[in-house]
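*Asks:* Right, I'll just put the structure down here and ask away after.
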Amino acid sequence: MTTAPTTSPNGTTTETMPLQPLLNDALIVLRAPTQVWSDATGAIGTAAVHGVYHGDVRHVSALTASCDDSPIEWISTAPDGASRVVFGGLLRGVDDTTPDPKVRLVRDRRVDDGLVSESWIIRSRVDRPLRTTLRLRLTPEFAQLHEVKSGHAHPRAAETVPEREGVRVDAGAQGLSLHAPGAGISLGDAGVEAAWDVDVPAFGEVQVGFTLSLRDDTLVVDSPAVPARWDAAAVSSAAADPRLARWLRTALDDLDALRLVLPDHPDDEFFAAGAPWFFTLFGRDSIWAARLALPLDREMAASTLRVLARLQGTDDDAQTAQEPGKILHELRASSLEIPGEGIVLPPKYYGSVDSTPLWICLLADAWRAGMPEAEVRELLPALRAALGWIRDSGDSDGDGFLDYIDRLGTGLSNQGWKDSGDSIQWRDGSLAEGPIALCEVQAYAYEAALAGADLLEAFGADTDADDIAFWRTWALDLKARFADTYWVQTPEGRYPAVALDNAKRPVDTLTSNIGHLIGTGILSPDEERHVASLLLGESMSSGYGIRTMSTGAAGYWPLSYHGGSVWVHDTAIAAHGMLRAGLTTEARAVVDGLLDAAEGFAYRVPELHSGDPRTDSSVPTPYPAACRPQAWSAAAAVVCLTALTPSPLA
């Protein structure tokens, strides 16, 4: 458990409080729904996030390698795609006395769905045989993922059963099997140990290895049975900028490893939101990742649409935030409890105000990109239901704008993409009170209404004529009311407010949300150019991307989750909109900052990073709890390719 001391009013240190694990220095190898987090030497257990995870459970909390006759001095870490890493070490305790190291240990770790394997190879240039013992120690745990995230990890009771060349550990619905050929197995209070007595020939080598098989009977997601449809090497070769080529290669490997399916429809893939906390279906995240990556893989967009359509809301249920026609926010195997915040999300949770209009926008984009007509027609009932949600349920207070409020007080208080509790602020730093009507959600709804009308006109029946006319009129009315209501004038200039609060007042903070308006049509061309210029200005552009909140706002802090940090996908959405609006020069300026950020993070860009200005640091400062890889951050690389290379994937 990661903890921090708290202090009493008189300044004395009292009890410790759990903290969320930091991730920035940890190494991940993954193949959804399985992931392994370690330090740069491969050791697991020296940091709070470390572990072997499968689904929403950390099966192993510690795993270490040792040699009886020598310390292992690790000197190299070599990732090979998302699912493999090779560690190199020296065994100088069994070496000869010459200066050059002649005894090496190579540790090759690979991760697949429900499977973690390692091979350990000792290679020697010593002119005599060597004998030593290699040891693996691992600690089973079976803690829930949300417990690890909050710093409250609790090991579950388990039964350990020796087997031939290994051991089986059962913890009810979860379990693991260790298969370690040639090793002696022993059990102790600290867990399981496997020991190999090895003889290394003079000028020779010897290899041992083990496999961990992971089981979770509660899993609601699965790994796809087929490889990704894209060729990462071929796509990256289309990039003229070598930084973009490297980012694309890493990003496409990560997107491949983040692919998931639901067991009852194994042919329909979607992108898991990201590691380590979000290895599941997220409506908004999976839609945006598929949308940003659409030039790369149209079939992923189509399958994501189908997956979400099957889970579309049919009832009005405050407990799950479900409403008829509403698109899912999050799917889990069990309820998600966030200790200390009073948040309890059911396994199927619909608390997202933007997933439904975004689903319609993705359907239209996929259709225009060549989605087969039969597949589009199949989704017309879901389209009609989603439009119905916008009309009947999306506006809770009848003011004509889509909004949200947590009806029970146990769900998410903010239900746009900036879903932290303090994300919607006034310029003075005070929090806006709901129902909240976000500016970008109105833009999504405007685009969705027109797109829905176009789809019904192209594929619908004669009986859809009234609805087609209704939605086009509705969109024009929304655009006019948006122009009258959302624009504010502050010392930072004139711009659309981030939201309307419960009193219908425009919340006047300058934020990155306005970047999502560009290219949707809700702004005029002149307004789009003006908004783009604000996003590229000093208060919003860090040099490594667009800040979530202006430096001119009282609540700005560069390491605030949604109040001054830079999110790569958020910046990429602005660039995506600029390209659609014909603002190519502005889009390329945004992309230049993203490429510098990608280079600073060794081309695996995290979920978010600090909003510190580029003038303060030659590399972007990490947000230390940021997830990585994250699907929509990886998909941002495809937007950059589109911005810099005409018809790159044609």
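Residue numbering restarts at 1 in every chain; chains get A, B, ... in the order shown in the structure tokens, and ligands count up from 1 in that same order.
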From a DSSP calculation on the backbone, collect every residue of region 446-640 of chain A in helix (DSSP H, G or I) and output the set as an MDAnalysis selection string.
*Replies:* chainID A and resid 446:459 462:485 512:517 525:535 568:580 584:600 614:616 631:640
*Asks:* Mind checking which residues fall within 8 Å of region 504-510 of chain A, counting only C-alpha atoms, ignoring those fewer than 2 positions away in the same chain, and posting them as a list in words?
*Replies:*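 Surrounding residues, per the criterion: Ile424, Gln425, Trp426, Arg427, Ala432, Thr485, Tyr486, Trp487, Val488, Thr490, Glu492, Tyr495, Pro496, Ala497, Val498, Ala499, Leu500, Asp501, Asn502, Ser512, Met549, Ser550 and Ala553 of chain A.
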*Asks:* Store the residues picked out above, limited to N, CA, C and O atoms, as an mmCIF file, in the first residue's frame.
*Replies:*
data_model
loop_
_atom_site.group_PDB
_atom_site.id
_atom_site.type_symbol
_atom_site.label_atom_id
_atom_site.label_comp_id
_atom_site.auth_asym_id
_atom_site.auth_seq_id
_atom_site.Cartn_x
_atom_site.Cartn_y
_atom_site.Cartn_z
ATOM 1 N N ILE A 424 -14.940 21.438 -13.918
ATOM 2 C CA ILE A 424 -15.713 22.538 -14.484
ATOM 3 C C ILE A 424 -15.695 23.698 -13.493
ATOM 4 O O ILE A 424 -16.420 23.711 -12.495
ATOM 5 N N GLN A 425 -14.831 24.660 -13.777
ATOM 6 C CA GLN A 425 -14.569 25.775 -12.871
ATOM 7 C C GLN A 425 -14.863 27.116 -13.540
ATOM 8 O O GLN A 425 -14.706 27.272 -14.750
ATOM 9 N N TRP A 426 -15.222 28.093 -12.718
ATOM 10 C CA TRP A 426 -15.252 29.485 -13.141
ATOM 11 C C TRP A 426 -13.817 30.024 -13.166
ATOM 12 O O TRP A 426 -12.895 29.420 -12.601
ATOM 13 N N ARG A 427 -13.640 31.178 -13.786
ATOM 14 C CA ARG A 427 -12.298 31.777 -13.869
ATOM 15 C C ARG A 427 -11.735 32.081 -12.492
ATOM 16 O O ARG A 427 -10.522 32.113 -12.305
ATOM 17 N N ALA A 432 -18.523 25.034 -10.744
ATOM 18 C CA ALA A 432 -19.862 25.214 -11.291
ATOM 19 C C ALA A 432 -20.787 24.136 -10.738
ATOM 20 O O ALA A 432 -20.361 23.001 -10.494
ATOM 21 N N THR A 485 -25.822 32.158 -26.521
ATOM 22 C CA THR A 485 -25.750 31.833 -25.095
ATOM 23 C C THR A 485 -24.336 31.586 -24.581
ATOM 24 O O THR A 485 -24.009 31.960 -23.446
ATOM 25 N N TYR A 486 -23.492 30.949 -25.368
ATOM 26 C CA TYR A 486 -22.225 30.429 -24.835
ATOM 27 C C TYR A 486 -21.066 31.414 -24.895
ATOM 28 O O TYR A 486 -20.118 31.299 -24.110
ATOM 29 N N TRP A 487 -21.088 32.367 -25.801
ATOM 30 C CA TRP A 487 -19.921 33.230 -25.952
ATOM 31 C C TRP A 487 -19.812 34.202 -24.779
ATOM 32 O O TRP A 487 -20.808 34.784 -24.341
ATOM 33 N N VAL A 488 -18.574 34.335 -24.273
ATOM 34 C CA VAL A 488 -18.304 35.241 -23.154
ATOM 35 C C VAL A 488 -17.160 36.176 -23.517
ATOM 36 O O VAL A 488 -16.343 35.886 -24.410
ATOM 37 N N THR A 490 -14.030 38.079 -21.552
ATOM 38 C CA THR A 490 -13.255 38.181 -20.311
ATOM 39 C C THR A 490 -11.945 38.894 -20.623
ATOM 40 O O THR A 490 -11.665 39.201 -21.788
ATOM 41 N N GLU A 492 -9.305 37.642 -21.029
ATOM 42 C CA GLU A 492 -8.559 36.791 -21.965
ATOM 43 C C GLU A 492 -9.123 36.848 -23.381
ATOM 44 O O GLU A 492 -8.600 36.189 -24.275
ATOM 45 N N TYR A 495 -14.677 34.157 -26.308
ATOM 46 C CA TYR A 495 -14.593 32.735 -26.619
ATOM 47 C C TYR A 495 -15.826 32.037 -26.064
ATOM 48 O O TYR A 495 -16.548 32.583 -25.210
ATOM 49 N N PRO A 496 -16.095 30.799 -26.501
ATOM 50 C CA PRO A 496 -17.217 30.048 -25.936
ATOM 51 C C PRO A 496 -16.900 29.588 -24.512
ATOM 52 O O PRO A 496 -15.795 29.110 -24.225
ATOM 53 N N ALA A 497 -17.863 29.744 -23.625
ATOM 54 C CA ALA A 497 -17.715 29.258 -22.253
ATOM 55 C C ALA A 497 -17.582 27.747 -22.245
ATOM 56 O O ALA A 497 -18.065 27.051 -23.144
ATOM 57 N N VAL A 498 -16.955 27.222 -21.215
ATOM 58 C CA VAL A 498 -16.794 25.778 -21.116
ATOM 59 C C VAL A 498 -18.138 25.087 -20.930
ATOM 60 O O VAL A 498 -18.322 23.946 -21.355
ATOM 61 N N ALA A 499 -19.101 25.780 -20.295
ATOM 62 C CA ALA A 499 -20.377 25.134 -19.984
ATOM 63 C C ALA A 499 -21.385 26.177 -19.541
ATOM 64 O O ALA A 499 -21.037 27.345 -19.282
ATOM 65 N N LEU A 500 -22.623 25.753 -19.425
ATOM 66 C CA LEU A 500 -23.650 26.489 -18.692
ATOM 67 C C LEU A 500 -23.864 25.782 -17.363
ATOM 68 O O LEU A 500 -23.860 24.544 -17.303
ATOM 69 N N ASP A 501 -24.068 26.562 -16.302
ATOM 70 C CA ASP A 501 -24.307 25.948 -15.001
ATOM 71 C C ASP A 501 -25.809 25.786 -14.764
ATOM 72 O O ASP A 501 -26.631 25.968 -15.670
ATOM 73 N N ASN A 502 -26.191 25.476 -13.531
ATOM 74 C CA ASN A 502 -27.595 25.197 -13.235
ATOM 75 C C ASN A 502 -28.488 26.430 -13.358
ATOM 76 O O ASN A 502 -29.709 26.306 -13.496
ATOM 77 N N SER A 512 -9.632 23.911 -23.048
ATOM 78 C CA SER A 512 -9.418 23.178 -24.300
ATOM 79 C C SER A 512 -10.708 22.631 -24.879
ATOM 80 O O SER A 512 -10.726 22.196 -26.040
ATOM 81 N N MET A 549 -6.706 23.929 -19.368
ATOM 82 C CA MET A 549 -7.214 25.190 -18.805
ATOM 83 C C MET A 549 -6.161 26.271 -18.998
ATOM 84 O O MET A 549 -4.956 26.015 -18.888
ATOM 85 N N SER A 550 -6.632 27.453 -19.267
ATOM 86 C CA SER A 550 -5.743 28.586 -19.497
ATOM 87 C C SER A 550 -4.943 28.950 -18.251
ATOM 88 O O SER A 550 -5.436 28.852 -17.122
ATOM 89 N N ALA A 553 -6.586 31.413 -15.741
ATOM 90 C CA ALA A 553 -7.648 31.034 -14.809
ATOM 91 C C ALA A 553 -7.069 30.846 -13.411
ATOM 92 O O ALA A 553 -5.954 30.340 -13.248
#
*Asks:* Between A:Gly563, A:Pro242, A:Gly188, A:Pro224, which has the minimum distance to Phe270 (chain A) (counting only C-alpha atoms)?
*Replies:*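 Of A:Gly563, A:Pro242, A:Gly188, A:Pro224, the one nearest Phe270 (chain A) is A:Pro224, counting only C-alpha atoms.
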*Asks:* Neighbours of Thr356 (chain A) within 9 Å (only C-alpha atoms; same-chain residues fewer than 4 positions away dropped), as a list in words?
*Replies:*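 In the requested form, the answer reads Gly283, Arg284, Gly325, Lys326, Ile327, Leu328, Ser352, Ile360, Cys361, Ala386, Leu387, Trp389, Ile390, Ala445 and Ala448 of chain A.
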*Asks:* Please build the interface table for region 431-550 of chain A against region 566-590 of chain A with a cut-off of 8 Å, listing for each qualifying residue the nearest atom pair and the distance in Å to one decimal; count only C-alpha atoms, order rows by chain and increasing number, and write it as JSON lines.
*Replies:*
{"residue": "A:Ser512", "atom": "CA", "partner": "A:Asp570", "partner_atom": "CA", "distance": 7.4}
{"residue": "A:Gly515", "atom": "CA", "partner": "A:Ala574", "partner_atom": "CA", "distance": 4.5}
{"residue": "A:His516", "atom": "CA", "partner": "A:Ala574", "partner_atom": "CA", "distance": 5.6}
{"residue": "A:Leu517", "atom": "CA", "partner": "A:Gly577", "partner_atom": "CA", "distance": 7.5}
{"residue": "A:Ile518", "atom": "CA", "partner": "A:Gly577", "partner_atom": "CA", "distance": 4.8}
{"residue": "A:Gly519", "atom": "CA", "partner": "A:Gly577", "partner_atom": "CA", "distance": 4.3}
{"residue": "A:Thr520", "atom": "CA", "partner": "A:Gly577", "partner_atom": "CA", "distance": 7.2}
{"residue": "A:Pro525", "atom": "CA", "partner": "A:Ala581", "partner_atom": "CA", "distance": 7.5}
{"residue": "A:Glu528", "atom": "CA", "partner": "A:Ala581", "partner_atom": "CA", "distance": 7.6}
{"residue": "A:Arg529", "atom": "CA", "partner": "A:Leu583", "partner_atom": "CA", "distance": 7.4}
{"residue": "A:Ala532", "atom": "CA", "partner": "A:Glu586", "partner_atom": "CA", "distance": 6.9}
{"residue": "A:Ser533", "atom": "CA", "partner": "A:Glu586", "partner_atom": "CA", "distance": 7.9}
{"residue": "A:Leu536", "atom": "CA", "partner": "A:Val590", "partner_atom": "CA", "distance": 7.4}
{"residue": "A:Ser542", "atom": "CA", "partner": "A:Val566", "partner_atom": "CA", "distance": 7.9}
{"residue": "A:Tyr544", "atom": "CA", "partner": "A:Val566", "partner_atom": "CA", "distance": 7.7}
{"residue": "A:Gly545", "atom": "CA", "partner": "A:Thr571", "partner_atom": "CA", "distance": 5.9}
{"residue": "A:Ile546", "atom": "CA", "partner": "A:Thr571", "partner_atom": "CA", "distance": 5.4}
{"residue": "A:Arg547", "atom": "CA", "partner": "A:Val566", "partner_atom": "CA", "distance": 4.6}
{"residue": "A:Thr548", "atom": "CA", "partner": "A:Val566", "partner_atom": "CA", "distance": 5.9}
*Asks:* Those selected residues, please, written with N, CA and C atoms and delivered as a PDB file, in the first residue's frame.
*Replies:*
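Result went into again-v6.pdb, see below:
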ATOM      1  N   SER A 512      -9.632  23.911 -23.048  1.00  0.00           N
ATOM      2  CA  SER A 512      -9.418  23.178 -24.300  1.00  0.00           C
ATOM      3  C   SER A 512     -10.708  22.631 -24.879  1.00  0.00           C
ATOM      4  N   GLY A 515     -11.707  23.515 -28.341  1.00  0.00           N
ATOM      5  CA  GLY A 515     -11.078  22.881 -29.497  1.00  0.00           C
ATOM      6  C   GLY A 515     -11.948  21.817 -30.125  1.00  0.00           C
ATOM      7  N   HIS A 516     -12.832  21.208 -29.317  1.00  0.00           N
ATOM      8  CA  HIS A 516     -13.723  20.168 -29.829  1.00  0.00           C
ATOM      9  C   HIS A 516     -14.847  20.746 -30.691  1.00  0.00           C
ATOM     10  N   LEU A 517     -15.044  22.070 -30.645  1.00  0.00           N
ATOM     11  CA  LEU A 517     -16.080  22.703 -31.452  1.00  0.00           C
ATOM     12  C   LEU A 517     -15.660  22.824 -32.911  1.00  0.00           C
ATOM     13  N   ILE A 518     -14.350  22.927 -33.139  1.00  0.00           N
ATOM     14  CA  ILE A 518     -13.852  23.180 -34.491  1.00  0.00           C
ATOM     15  C   ILE A 518     -14.135  21.969 -35.377  1.00  0.00           C
ATOM     16  N   GLY A 519     -14.654  22.242 -36.556  1.00  0.00           N
ATOM     17  CA  GLY A 519     -14.921  21.169 -37.516  1.00  0.00           C
ATOM     18  C   GLY A 519     -16.265  20.501 -37.354  1.00  0.00           C
ATOM     19  N   THR A 520     -17.009  20.837 -36.300  1.00  0.00           N
ATOM     20  CA  THR A 520     -18.332  20.230 -36.118  1.00  0.00           C
ATOM     21  C   THR A 520     -19.408  20.978 -36.881  1.00  0.00           C
ATOM     22  N   PRO A 525     -16.965  29.788 -39.934  1.00  0.00           N
ATOM     23  CA  PRO A 525     -15.539  29.703 -40.292  1.00  0.00           C
ATOM     24  C   PRO A 525     -14.682  30.751 -39.579  1.00  0.00           C
ATOM     25  N   GLU A 528     -14.204  29.637 -36.045  1.00  0.00           N
ATOM     26  CA  GLU A 528     -13.252  28.527 -35.955  1.00  0.00           C
ATOM     27  C   GLU A 528     -11.818  29.034 -35.997  1.00  0.00           C
ATOM     28  N   ARG A 529     -11.534  29.978 -36.893  1.00  0.00           N
ATOM     29  CA  ARG A 529     -10.184  30.538 -36.958  1.00  0.00           C
ATOM     30  C   ARG A 529      -9.826  31.264 -35.666  1.00  0.00           C
ATOM     31  N   ALA A 532      -9.148  28.682 -32.945  1.00  0.00           N
ATOM     32  CA  ALA A 532      -7.846  28.052 -33.191  1.00  0.00           C
ATOM     33  C   ALA A 532      -6.711  28.962 -32.753  1.00  0.00           C
ATOM     34  N   SER A 533      -6.851  30.267 -32.993  1.00  0.00           N
ATOM     35  CA  SER A 533      -5.794  31.201 -32.592  1.00  0.00           C
ATOM     36  C   SER A 533      -5.668  31.276 -31.073  1.00  0.00           C
ATOM     37  N   LEU A 536      -3.723  28.258 -29.840  1.00  0.00           N
ATOM     38  CA  LEU A 536      -2.295  28.336 -30.151  1.00  0.00           C
ATOM     39  C   LEU A 536      -1.608  29.480 -29.401  1.00  0.00           C
ATOM     40  N   SER A 542       1.183  24.902 -24.422  1.00  0.00           N
ATOM     41  CA  SER A 542       2.387  24.730 -23.602  1.00  0.00           C
ATOM     42  C   SER A 542       3.642  24.587 -24.445  1.00  0.00           C
ATOM     43  N   TYR A 544       4.026  21.759 -25.892  1.00  0.00           N
ATOM     44  CA  TYR A 544       3.946  20.302 -25.999  1.00  0.00           C
ATOM     45  C   TYR A 544       2.494  19.844 -26.160  1.00  0.00           C
ATOM     46  N   GLY A 545       1.610  20.770 -26.500  1.00  0.00           N
ATOM     47  CA  GLY A 545       0.206  20.455 -26.646  1.00  0.00           C
ATOM     48  C   GLY A 545      -0.643  21.546 -26.033  1.00  0.00           C
ATOM     49  N   ILE A 546      -1.952  21.387 -26.128  1.00  0.00           N
ATOM     50  CA  ILE A 546      -2.901  22.388 -25.655  1.00  0.00           C
ATOM     51  C   ILE A 546      -3.277  22.084 -24.208  1.00  0.00           C
ATOM     52  N   ARG A 547      -3.180  23.096 -23.358  1.00  0.00           N
ATOM     53  CA  ARG A 547      -3.547  22.923 -21.952  1.00  0.00           C
ATOM     54  C   ARG A 547      -5.052  22.737 -21.808  1.00  0.00           C
ATOM     55  N   THR A 548      -5.442  21.976 -20.811  1.00  0.00           N
ATOM     56  CA  THR A 548      -6.863  21.798 -20.532  1.00  0.00           C
ATOM     57  C   THR A 548      -7.494  23.064 -19.976  1.00  0.00           C
TER      58      THR A 548
END
*Asks:* Within 10 Å of Arg306 (chain A), counting only C-alpha atoms, which residues qualify if same-chain residues fewer than 6 places away don't, as a list in words?
*Replies:*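 These residues fall inside the cut-off: His265, Asp268, Glu269, Phe270, Met300, Gln312, Leu363, Glu375, Val376, Glu378, Leu379 and Ala382 of chain A.
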